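Shown below: upload.cif, with mmCIF, C-alpha atoms.
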data_data
#
loop_
_atom_site.label_atom_id
_atom_site.label_comp_id
_atom_site.auth_asym_id
_atom_site.auth_seq_id
_atom_site.Cartn_x
_atom_site.Cartn_y
_atom_site.Cartn_z
CA MET A 268 114.62 21.02 39.86
CA GLN A 269 113.45 20.79 36.31
CA VAL A 270 110.21 22.49 35.42
CA SER A 271 108.48 21.52 32.21
CA ALA A 272 107.64 24.02 29.49
CA SER A 273 103.91 23.54 29.92
CA VAL A 274 104.12 24.49 33.58
CA LEU A 275 106.01 27.65 32.64
CA ILE A 276 103.43 28.55 29.97
CA LEU A 277 100.53 27.97 32.34
CA THR A 278 102.16 30.04 35.07
CA ALA A 279 102.74 32.84 32.60
CA VAL A 280 99.11 32.70 31.42
CA ALA A 281 97.81 32.82 35.01
CA ALA A 282 100.05 35.80 35.79
CA CYS A 283 99.02 37.56 32.57
CA CYS A 284 95.32 37.07 33.40
CA VAL A 285 95.79 38.73 36.80
CA ALA A 286 97.81 41.57 35.28
CA ALA A 287 95.25 42.06 32.51
CA SER A 288 92.40 42.11 35.03
CA HIS A 289 94.21 44.77 36.99
CA ALA A 290 94.78 46.87 33.88
CA LEU A 291 91.19 46.38 32.78
CA THR A 292 89.75 47.80 36.02
CA ALA A 293 91.73 50.99 35.53
CA ALA A 294 91.01 51.42 31.81
CA ARG A 295 88.34 53.77 30.47
CA TRP A 296 87.73 52.15 27.10
CA PRO A 297 85.69 49.19 28.41
CA ARG A 298 82.77 51.60 28.95
CA ARG A 299 82.55 52.15 25.22
CA SER A 300 81.73 48.51 24.48
CA PRO A 301 80.48 46.81 27.66
CA ALA A 302 79.36 43.61 25.96
CA ALA A 303 82.77 42.89 24.41
CA THR A 304 84.57 43.69 27.64
CA ILE A 305 82.28 41.42 29.66
CA LEU A 306 83.27 38.61 27.29
CA LEU A 307 86.95 39.44 27.89
CA TRP A 308 86.40 39.37 31.67
CA GLN A 309 84.79 35.95 31.45
CA ALA A 310 87.67 34.65 29.34
CA LEU A 311 90.23 36.05 31.78
CA GLY A 312 88.48 34.42 34.73
CA LEU A 313 88.19 31.05 33.05
CA GLY A 314 91.73 31.23 31.65
CA TRP A 315 93.18 32.10 35.04
CA GLY A 316 91.38 29.21 36.75
CA LEU A 317 92.50 26.65 34.16
CA ALA A 318 96.07 27.93 34.07
CA ALA A 319 96.52 28.16 37.83
CA VAL A 320 95.14 24.69 38.52
CA GLY A 321 97.03 23.24 35.55
CA ALA A 322 100.34 24.83 36.54
CA LEU A 323 100.16 23.51 40.11
CA ALA A 324 99.09 20.04 38.96
CA GLY A 325 101.82 20.01 36.31
CA LEU A 326 104.44 21.05 38.84
CA GLY A 327 103.28 18.31 41.18
CA GLY A 328 103.35 15.61 38.56
CA ALA A 329 106.44 16.68 36.61
CA GLY A 330 107.56 13.17 35.83
CA ARG A 331 109.74 10.80 37.78
CA GLY A 332 113.18 12.24 38.05
CA GLY A 333 112.05 15.30 36.11
CA ALA A 334 111.34 13.60 32.82
CA GLY A 335 110.43 15.45 29.64
CA PRO A 336 107.84 18.18 29.11
CA GLY A 337 104.33 17.41 30.21
CA GLY A 338 105.68 15.20 32.93
CA THR A 339 105.17 11.97 31.04
CA GLY A 340 106.02 8.71 32.67
CA PRO A 341 108.42 6.23 31.10
CA ASP A 342 105.57 4.17 29.72
CA GLY A 343 104.20 7.22 27.93
CA THR A 344 100.68 6.88 29.33
CA GLY A 345 100.82 10.48 30.49
CA ARG A 346 101.25 11.68 26.93
CA ARG A 347 97.70 10.88 26.14
CA PHE A 348 96.28 12.95 28.97
CA GLY A 349 98.42 16.08 29.01
CA VAL A 350 99.61 17.78 32.16
CA VAL A 351 96.72 17.08 34.49
CA GLY A 352 96.48 13.44 33.47
CA ALA A 353 100.20 13.03 34.01
CA ALA A 354 99.94 14.69 37.40
CA PHE A 355 97.27 12.30 38.58
CA LEU A 356 99.09 9.30 37.13
CA GLN A 357 102.16 10.41 39.00
CA ALA A 358 100.13 10.77 42.20
CA ALA A 359 98.65 7.29 41.78
CA ARG A 360 102.08 5.83 41.10
CA PHE A 361 103.44 7.56 44.16
CA VAL A 362 100.74 6.13 46.38
CA ARG A 363 101.41 2.65 44.99
CA SER A 364 105.13 2.60 45.39
CA ALA A 365 105.37 4.84 48.47
CA THR A 366 108.80 6.43 48.73
CA SER A 367 110.93 3.42 47.89
CA SER A 368 111.05 3.54 44.13
CA VAL A 369 110.78 7.30 43.60
CA SER A 370 113.99 8.62 42.22
CA GLY A 371 113.97 12.35 43.14
CA ALA A 372 115.46 13.71 46.32
CA PRO A 373 113.05 13.71 49.32
CA GLY A 374 113.02 17.51 49.42
CA LEU A 375 112.06 17.76 45.76
CA LEU A 376 109.37 15.17 46.25
CA SER A 377 107.71 17.11 49.04
CA VAL A 378 107.72 20.26 46.91
CA ARG A 379 105.98 18.34 44.13
CA LEU A 380 103.43 16.84 46.45
CA ALA A 381 102.73 20.25 47.97
CA ALA A 382 102.18 21.73 44.51
CA LEU A 383 99.91 18.86 43.54
CA ALA A 384 97.91 19.25 46.75
CA ALA A 385 97.69 23.01 46.22
CA GLY A 386 96.41 22.46 42.67
CA LEU A 387 93.79 20.02 43.90
CA VAL A 388 92.74 22.34 46.72
CA LEU A 389 92.44 25.26 44.30
CA LEU A 390 90.33 23.19 41.89
CA LEU A 391 88.03 22.02 44.68
CA LEU A 392 87.85 25.53 46.13
CA LEU A 393 86.83 27.03 42.79
CA CYS A 394 84.14 24.39 42.26
CA TRP A 395 82.96 24.71 45.86
CA VAL A 396 82.59 28.51 45.88
CA LEU A 397 80.68 28.39 42.61
CA LEU A 398 78.25 25.86 44.09
CA ALA A 399 78.04 27.73 47.40
CA ALA A 400 77.42 31.06 45.67
CA SER A 401 74.72 29.49 43.49
CA ALA A 402 73.06 27.93 46.52
CA ALA A 403 73.15 31.21 48.45
CA VAL A 404 71.67 33.04 45.48
CA LEU A 405 68.89 30.48 45.06
CA ARG A 406 68.07 30.61 48.79
CA GLY A 407 67.98 34.40 48.74
CA ARG A 408 65.68 34.42 45.74
CA GLN A 409 63.36 31.82 47.24
CA ARG A 410 62.97 33.96 50.36
CA GLN A 411 62.39 37.05 48.23
CA ARG A 412 59.73 35.24 46.23
CA ALA A 413 57.98 33.99 49.36
CA LEU A 414 57.97 37.50 50.84
CA LEU A 415 56.83 39.06 47.57
CA SER A 416 53.93 36.62 47.31
CA LEU A 417 52.71 37.95 50.66
CA LEU A 418 53.49 41.64 50.29
CA ALA A 419 53.56 42.71 46.66
CA HIS A 420 50.74 43.84 44.43
CA GLY A 421 50.48 45.01 40.85
CA ASP A 422 50.15 48.58 39.67
CA PRO A 423 48.94 49.89 36.30
CA LYS A 424 51.83 52.39 36.23
CA VAL A 425 54.33 49.55 35.88
CA PRO A 426 52.66 46.75 33.90
CA GLY A 427 54.08 43.33 34.65
CA ALA A 428 56.05 44.47 37.69
CA LEU A 429 55.39 44.01 41.41
CA VAL A 430 55.01 46.88 43.85
CA VAL A 431 55.86 46.82 47.55
CA ASP A 432 54.64 49.62 49.82
CA TYR A 433 57.83 51.23 51.02
CA PRO A 434 58.79 54.91 51.06
CA ALA A 435 62.42 54.71 49.89
CA ALA A 436 63.33 54.43 46.23
CA ALA A 437 64.16 50.89 45.22
CA ALA A 438 63.85 49.09 41.90
CA TYR A 439 65.33 45.71 41.21
CA CYS A 440 64.82 42.49 39.39
CA LEU A 441 64.70 38.98 40.71
CA PRO A 442 66.18 36.74 38.02
CA GLY A 443 65.42 33.10 37.57
CA LEU A 444 62.87 30.90 35.87
CA ARG A 445 60.09 32.70 37.71
CA SER A 446 61.54 36.17 37.41
CA ALA A 447 60.06 39.37 38.75
CA ILE A 448 60.68 43.08 38.57
CA VAL A 449 60.04 44.87 41.84
CA PHE A 450 59.41 48.56 42.54
CA SER A 451 58.91 50.23 45.89
CA SER A 452 55.88 52.50 46.05
CA GLY A 453 58.35 55.32 46.77
CA THR A 454 59.85 54.84 43.31
CA LEU A 455 56.43 55.12 41.65
CA GLU A 456 55.93 58.51 43.29
CA LEU A 457 59.45 59.65 42.51
CA LEU A 458 59.57 58.94 38.77
CA ASP A 459 57.29 60.02 35.96
CA GLN A 460 55.75 57.61 33.48
CA ALA A 461 58.54 57.83 30.89
CA GLU A 462 61.24 57.28 33.51
CA LEU A 463 59.40 54.28 34.93
CA ALA A 464 59.21 52.81 31.43
CA ALA A 465 62.97 53.30 31.07
CA VAL A 466 63.63 51.54 34.39
CA LEU A 467 61.32 48.68 33.35
CA ALA A 468 63.17 48.32 30.06
CA HIS A 469 66.50 48.27 31.92
CA GLU A 470 65.37 45.51 34.28
CA ARG A 471 63.79 43.53 31.45
CA ALA A 472 67.14 43.60 29.67
CA HIS A 473 68.77 42.12 32.78
CA LEU A 474 66.21 39.33 32.94
CA ARG A 475 66.15 38.60 29.24
CA GLU A 476 69.91 38.28 28.94
CA ARG A 477 70.39 36.54 32.31
CA HIS A 478 72.97 39.04 33.54
CA ASP A 479 72.82 37.36 36.93
CA LEU A 480 74.57 34.32 35.43
CA VAL A 481 77.30 36.59 34.05
CA LEU A 482 77.93 38.01 37.50
CA LEU A 483 77.69 34.73 39.43
CA PRO A 484 81.25 33.41 38.78
CA PHE A 485 82.71 36.75 39.83
CA THR A 486 80.66 36.73 43.03
CA ALA A 487 82.00 33.23 43.64
CA LEU A 488 85.58 34.39 43.05
CA LEU A 489 85.02 37.21 45.50
CA ARG A 490 83.85 34.70 48.11
CA ALA A 491 86.95 32.60 47.54
CA PHE A 492 89.43 35.48 47.56
CA ARG A 493 87.88 38.05 49.82
CA TRP A 494 91.32 39.46 50.64
CA SER A 495 92.20 39.97 46.99
CA ALA A 496 91.90 43.49 45.62
CA VAL A 497 91.86 42.11 42.06
CA ALA A 498 88.85 39.86 42.81
CA ARG A 499 87.04 42.78 44.42
CA GLU A 500 87.80 45.16 41.59
CA ALA A 501 86.91 42.55 38.99
CA HIS A 502 83.53 41.98 40.60
CA ARG A 503 82.79 45.67 40.71
CA ALA A 504 83.97 46.28 37.17
CA VAL A 505 81.83 43.47 35.76
CA ALA A 506 78.80 44.59 37.78
CA LEU A 507 79.15 48.10 36.40
CA LEU A 508 79.64 46.85 32.83
CA VAL A 509 76.52 44.71 33.14
CA GLU A 510 74.54 47.79 34.20
CA MET A 511 75.97 49.80 31.31
CA HIS A 512 75.12 47.03 28.89
CA ALA A 513 71.51 46.99 30.15
CA ASP A 514 71.49 50.80 29.78
CA ASP A 515 72.55 50.37 26.15
CA ARG A 516 69.66 47.98 25.58
CA VAL A 517 67.21 50.57 26.96
CA LEU A 518 68.40 53.13 24.41
CA ARG A 519 66.87 51.06 21.62
CA HIS A 520 63.40 52.01 22.81
CA ARG A 521 63.70 54.93 25.23
CA SER A 522 65.63 58.16 25.27
CA ALA A 523 68.93 58.50 27.12
CA ARG A 524 67.56 61.47 28.97
CA GLU A 525 64.67 59.52 30.55
CA LEU A 526 67.04 56.88 31.78
CA ALA A 527 69.58 59.40 33.05
CA THR A 528 67.04 61.39 35.05
CA ALA A 529 65.60 58.16 36.45
CA LEU A 530 69.09 57.14 37.56
CA LEU A 531 69.75 60.50 39.15
CA ARG A 532 66.42 60.59 40.95
CA VAL A 533 66.72 57.05 42.33
CA GLY A 534 70.34 57.65 43.27
CA ALA A 535 69.67 60.95 44.97
CA ALA A 536 66.54 59.80 46.78
CA GLY A 537 68.36 57.39 49.06
CA GLY A 538 69.69 59.87 51.58
CA GLY A 539 68.19 59.37 55.01
CA GLN A 540 65.26 57.24 53.90
CA ALA A 541 66.86 53.85 53.63
CA PRO A 542 66.97 51.95 56.92
CA ALA A 543 70.17 52.32 58.89
CA GLY A 544 72.67 49.68 57.94
CA ALA A 545 71.42 49.29 54.41
CA LEU A 546 73.84 51.86 53.14
CA ALA A 547 76.55 51.41 55.70
CA ALA A 548 78.39 48.90 53.57
CA SER A 549 78.68 51.21 50.59
CA GLY A 550 82.13 52.63 50.90
CA ALA A 551 84.01 55.24 48.96
CA GLY A 552 84.38 54.67 45.26
CA LEU A 553 80.82 53.47 44.77
CA GLU A 554 79.61 56.99 44.18
CA SER A 555 81.20 56.97 40.79
CA GLU A 556 78.81 54.24 39.64
CA VAL A 557 75.65 56.27 39.10
CA ALA A 558 77.67 59.27 37.96
CA ALA A 559 79.61 57.16 35.45
CA ARG A 560 76.43 55.72 33.97
CA VAL A 561 74.77 59.14 33.72
CA THR A 562 77.82 60.69 32.10
CA ARG A 563 77.93 57.86 29.62
CA LEU A 564 74.25 58.33 28.75
CA LEU A 565 74.40 62.07 28.32
CA LYS A 566 77.76 62.32 26.58
CA PRO A 567 78.01 59.05 24.72
CA ALA A 568 81.44 58.04 23.46
CA PRO A 569 81.57 56.15 20.20
CA GLY A 570 81.73 52.37 20.50
CA LEU A 571 85.06 50.66 20.00
CA SER A 572 86.20 50.45 16.39
CA ALA A 573 86.07 47.12 14.56
CA PRO A 574 89.84 46.48 14.82
CA ALA A 575 89.75 47.20 18.54
CA LEU A 576 86.85 44.78 18.96
CA VAL A 577 88.78 42.12 17.04
CA LEU A 578 91.72 42.73 19.37
CA VAL A 579 89.50 42.30 22.45
CA GLY A 580 88.02 39.13 20.98
CA ALA A 581 91.46 37.76 20.17
CA ALA A 582 92.70 38.46 23.69
CA ALA A 583 89.66 36.66 25.11
CA ALA A 584 90.18 33.68 22.80
CA LEU A 585 93.88 33.44 23.69
CA ALA A 586 93.23 33.62 27.44
CA VAL A 587 91.13 30.46 27.19
CA ALA A 588 92.72 28.72 24.22
CA ILE A 589 96.31 28.65 25.52
CA PRO A 590 95.59 26.89 28.82
CA VAL A 591 93.12 24.52 27.14
CA ALA A 592 95.69 23.66 24.48
CA VAL A 593 98.46 23.10 27.00
CA LEU A 594 96.23 20.99 29.25
CA ALA A 595 94.50 18.93 26.59
CA LEU A 596 97.03 18.42 23.83
CA PRO A 597 99.79 15.86 24.23
CA PHE A 598 103.28 17.33 23.93
CA MET B 81 47.81 36.56 55.53
CA GLU B 82 46.08 39.95 55.48
CA VAL B 83 43.43 38.53 57.79
CA LEU B 84 46.04 37.29 60.24
CA TRP B 85 47.84 40.65 60.21
CA GLU B 86 44.63 42.51 60.98
CA ALA B 87 43.42 40.19 63.73
CA SER B 88 44.66 40.84 67.24
CA ASP B 89 44.07 37.28 68.47
CA PRO B 90 45.05 33.94 66.93
CA LEU B 91 42.36 32.73 64.55
CA THR B 92 41.01 29.30 63.77
CA VAL B 93 40.65 28.16 60.19
CA ARG B 94 36.90 28.72 60.43
CA GLN B 95 37.35 32.31 61.59
CA VAL B 96 39.74 33.03 58.73
CA SER B 97 37.21 31.50 56.31
CA GLU B 98 34.52 33.81 57.71
CA HIS B 99 36.71 36.84 57.10
CA LEU B 100 37.19 35.71 53.54
CA SER B 101 33.56 34.69 52.99
CA GLU B 102 33.06 37.12 50.10
CA ARG B 103 35.74 35.24 48.16
CA GLY B 104 33.82 31.99 48.53
CA LEU B 105 36.87 29.88 49.39
CA ALA B 106 36.41 26.31 50.50
CA HIS B 107 37.27 25.51 54.10
CA THR B 108 39.93 23.05 52.99
CA THR B 109 41.55 25.65 50.73
CA VAL B 110 41.95 28.05 53.63
CA MET B 111 43.28 25.23 55.77
CA THR B 112 45.88 24.33 53.13
CA VAL B 113 46.99 27.95 52.73
CA LEU B 114 47.34 28.42 56.50
CA ASP B 115 49.23 25.16 56.79
CA ARG B 116 51.62 26.26 54.06
CA LEU B 117 52.11 29.65 55.68
CA SER B 118 53.02 28.04 58.97
CA LYS B 119 55.41 25.63 57.26
CA LYS B 120 57.19 28.58 55.66
CA GLY B 121 57.42 30.28 59.03
CA PHE B 122 55.14 33.20 58.20
CA ALA B 123 52.44 32.02 60.61
CA ARG B 124 52.60 30.30 63.98
CA ARG B 125 49.95 27.90 65.10
CA GLU B 126 48.94 26.55 68.46
CA ARG B 127 46.52 23.87 69.63
CA ASP B 128 43.23 25.06 70.98
CA GLY B 129 41.14 22.05 71.82
CA ARG B 130 40.62 20.19 68.54
CA ALA B 131 41.46 23.10 66.23
CA TRP B 132 44.64 24.95 65.35
CA ARG B 133 44.76 28.66 65.96
CA TYR B 134 46.97 30.70 63.64
CA ARG B 135 48.62 34.05 64.08
CA ALA B 136 51.13 35.98 62.00
CA ALA B 137 54.72 35.25 62.99
CA GLY B 138 55.87 38.77 62.18
CA SER B 139 54.23 42.06 61.36
CA ARG B 140 53.77 43.21 57.81
CA GLU B 141 56.29 46.00 58.41
CA LEU B 142 58.88 43.48 59.56
CA TYR B 143 58.64 41.55 56.30
CA VAL B 144 58.63 44.69 54.15
CA THR B 145 61.77 45.82 55.94
CA GLU B 146 63.44 42.45 55.40
CA LEU B 147 62.53 42.48 51.72
CA MET B 148 63.77 46.00 51.14
CA LEU B 149 66.89 45.61 53.29
CA ASN B 150 67.82 42.67 51.09
CA ALA B 151 67.13 44.74 48.02
CA LEU B 152 69.10 47.74 49.24
CA ASP B 153 71.92 45.73 50.75
CA GLN B 154 75.14 46.76 49.10
CA THR B 155 77.44 43.97 50.21
CA GLY B 156 78.97 41.70 47.64
CA ASP B 157 77.44 38.39 48.66
CA ARG B 158 73.82 39.05 47.96
CA GLN B 159 74.34 41.05 44.83
CA ALA B 160 73.87 38.08 42.58
CA ALA B 161 70.46 37.26 44.07
CA LEU B 162 68.97 40.32 42.46
CA THR B 163 70.07 43.24 40.37
CA ARG B 164 69.22 46.73 41.51
CA PHE B 165 68.46 49.53 39.12
CA ALA B 166 70.72 52.00 40.91
CA ARG B 167 72.31 52.31 44.29
CA SER B 168 70.77 54.89 46.51
CA VAL B 169 73.42 57.10 47.97
CA SER B 170 73.50 59.66 50.70
CA GLY B 171 75.41 62.71 51.80
CA THR B 172 77.61 64.68 49.46
CA GLU B 173 77.06 62.41 46.51
CA ALA B 174 73.27 62.68 46.72
CA ARG B 175 73.70 66.46 46.74
CA MET B 176 75.94 66.21 43.71
CA LEU B 177 73.36 64.10 41.85
CA ARG B 178 70.59 66.55 42.74
CA ARG B 179 72.68 69.38 41.32
CA ALA B 180 73.26 67.40 38.14
CA LEU B 181 69.51 66.84 37.88
CA GLU B 182 68.82 70.55 38.29
CA ALA B 183 71.40 71.40 35.65
CA LEU B 184 69.69 68.93 33.36
CA GLY B 185 66.34 70.58 34.02
CA GLU B 186 67.76 73.99 33.14
CA GLY B 187 69.21 72.51 29.99
CA THR B 188 65.71 71.61 28.79
CA GLY B 189 64.34 75.03 29.65
CA SER B 190 66.80 77.06 27.68
#

Kindly return the structure encoded in the file as structure tokens.
Amino acid sequence: MQVSASVLILTAVAACCVAASHALTAARWPRRSPAATILLWQALGLGWGLAAVGALAGLGGAGRGGAGPGGTGPDGTGRRFGVVGAAFLQAARFVRSATSSVSGAPGLLSVRLAALAAGLVLLLLLCWVLLAASAAVLRGRQRQRALLSLLAHGDPKVPGALVVDYPAAAAYCLPGLRSAIVFSSGTLELLDQAELAAVLAHERAHLRERHDLVLLPFTALLRAFRWSAVAREAHRAVALLVEMHADDRVLRHRSARELATALLRVGAAGGGQAPAGALAASGAGLESEVAARVTRLLKPAPGLSAPALVLVGAAAALAVAIPVAVLALPF
Amino acid sequence: MEVLWEASDPLTVRQVSEHLSERGLAHTTVMTVLDRLSKKGFARRERDGRAWRYRAAGSRELYVTELMLNALDQTGDRQAALTRFARSVSGTEARMLRRALEALGEGTGS
């Protein structure tokens, strides 16, 4: 069976994205420049999706009788649409002519159809989980807003934020068009004024830069590939980088020490007070999160050098540009 | 909603209005609010002659717990709905964080 060059390139890109993701979760340097690494993560995710769908579609539509690269038909119409266009043309042609006029062996044909179907399923799955995750998030936020409108009140200690009477330490933000920052009354007692201001600044950074939208695709990926360690690690890595990035934003106005002690106090206050079940899901490995952020605040490492940042940017650009080029450009 | 939480029996719109008399709300305003609360499931209403009687569907504590459980929930799915400042932890790690905090305090003193 002949496989076109574009299919090989796309497969290689998809594999490289997975390998790079795996390497990225283990690396230490991303902590030095969270913003740049978040960009790289986004590029890897997008690149992987494009390459994987494209490779399967290309394999499925690899020309009648294994014609030239890009799987173009004899009339050359496929050339104008690249791999995916050719794949769907091939599928349409197949439906029209049934099995009679198709030249390849029956076994080969079924492999192609299976690949095409797998590509289509993957594409639909990726779109579906993104929509489902968005819907779940919107529903959750709506419920939170409804509950907050009944239960929350303001407090002069945290201007602009909502306070809910609850003993355990909890501080979070509710992103969206009608965003809110929420503190439990326990947090107000736990932290002093400077620490509260640092927490407020941290949450405002999340809201201002819409970090929830950064995280959403990775949550969706996690829903789609719950069994995948890479998807799980990727989600956790991006979530941590987003927190670190918001921490960096706080340092423009507040001291690292205020933020670090706030983190330690909120982190340490949880024991025993949170309702049973709330913490049950936090497994091993999560403990490093607060510790990693505190260490980073108190012993800051220098940001990545300019050449290193260029390298990260180039890797991100390549991860997206190669699949786009292969899919869009006629060969 | 506060009025409903404090009352032991289901209240009519008029009774709720009386509780809120110092706010000077119009009868229709109270009716609209109660209607909305029951549509959202926060209040239940039942017929009593020609009037509806409203009561809270769940206690205040129940809703606070739901809100905070959502906020403290650590599972992947709901994480995108909101972003927590820091995870609260328990056991050995909490002890470790407390020690780090103490060390930090000593650092300032010296």

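Residues within 10 Å of Ala447 in chain A, counting all atoms listed in the file and excluding same-chain residues fewer than 4 positions away, are Arg412, Leu415, Gly427, Ala428, Leu429, Tyr439, Cys440, Leu441, Pro442, Gly443, Glu470, Arg471 and Leu474 of chain A; Leu162 of chain B.
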
Task: Residue IDs satisfying the PyMOL selection byres ((chain B and resi 94) around 12), as a PyMOL selection string - done: chain B and resi 90-93+95-101+105-111+114+131-134

Task: Residue members of the PyMOL selection byres ((chain A and resi 567-579) around 12) in the file shown, as an MDAnalysis selection string - done: chainID A and resid 287 291 295:311 511:512 514:515 518 523:524 527 559:566 580:586

Keeping C-alpha atoms, export the residues of the selection given above as an mmCIF file, keeping the file's coordinate frame.
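Now in part-v8.cif:
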data_model
loop_
_atom_site.group_PDB
_atom_site.id
_atom_site.type_symbol
_atom_site.label_atom_id
_atom_site.label_comp_id
_atom_site.auth_asym_id
_atom_site.auth_seq_id
_atom_site.Cartn_x
_atom_site.Cartn_y
_atom_site.Cartn_z
ATOM 1 C CA ALA A 287 95.250 42.060 32.510
ATOM 2 C CA LEU A 291 91.190 46.380 32.780
ATOM 3 C CA ARG A 295 88.340 53.770 30.470
ATOM 4 C CA TRP A 296 87.730 52.150 27.100
ATOM 5 C CA PRO A 297 85.690 49.190 28.410
ATOM 6 C CA ARG A 298 82.770 51.600 28.950
ATOM 7 C CA ARG A 299 82.550 52.150 25.220
ATOM 8 C CA SER A 300 81.730 48.510 24.480
ATOM 9 C CA PRO A 301 80.480 46.810 27.660
ATOM 10 C CA ALA A 302 79.360 43.610 25.960
ATOM 11 C CA ALA A 303 82.770 42.890 24.410
ATOM 12 C CA THR A 304 84.570 43.690 27.640
ATOM 13 C CA ILE A 305 82.280 41.420 29.660
ATOM 14 C CA LEU A 306 83.270 38.610 27.290
ATOM 15 C CA LEU A 307 86.950 39.440 27.890
ATOM 16 C CA TRP A 308 86.400 39.370 31.670
ATOM 17 C CA GLN A 309 84.790 35.950 31.450
ATOM 18 C CA ALA A 310 87.670 34.650 29.340
ATOM 19 C CA LEU A 311 90.230 36.050 31.780
ATOM 20 C CA MET A 511 75.970 49.800 31.310
ATOM 21 C CA HIS A 512 75.120 47.030 28.890
ATOM 22 C CA ASP A 514 71.490 50.800 29.780
ATOM 23 C CA ASP A 515 72.550 50.370 26.150
ATOM 24 C CA LEU A 518 68.400 53.130 24.410
ATOM 25 C CA ALA A 523 68.930 58.500 27.120
ATOM 26 C CA ARG A 524 67.560 61.470 28.970
ATOM 27 C CA ALA A 527 69.580 59.400 33.050
ATOM 28 C CA ALA A 559 79.610 57.160 35.450
ATOM 29 C CA ARG A 560 76.430 55.720 33.970
ATOM 30 C CA VAL A 561 74.770 59.140 33.720
ATOM 31 C CA THR A 562 77.820 60.690 32.100
ATOM 32 C CA ARG A 563 77.930 57.860 29.620
ATOM 33 C CA LEU A 564 74.250 58.330 28.750
ATOM 34 C CA LEU A 565 74.400 62.070 28.320
ATOM 35 C CA LYS A 566 77.760 62.320 26.580
ATOM 36 C CA GLY A 580 88.020 39.130 20.980
ATOM 37 C CA ALA A 581 91.460 37.760 20.170
ATOM 38 C CA ALA A 582 92.700 38.460 23.690
ATOM 39 C CA ALA A 583 89.660 36.660 25.110
ATOM 40 C CA ALA A 584 90.180 33.680 22.800
ATOM 41 C CA LEU A 585 93.880 33.440 23.690
ATOM 42 C CA ALA A 586 93.230 33.620 27.440
#

- [ ] Within 12 Å of range 484-494 of chain A, counting only C-alpha atoms, which residues show up once you throw out same-chain ones fewer than 6 positions away? Write them as a ChimeraX atom specification, please.
- [x] /A:305,308-313,315-316,388-404,478,500-506 /B:155-161

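Among A:Ala496, A:Ile276, A:Ala382, A:Ala435, the residue with the shortest atom-to-atom distance to chain B, counting all atoms listed in the file, is A:Ala435.
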
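Interatomic distance, CA of Glu525 in chain A to CA of Val431 in chain A: 23.0 Å.
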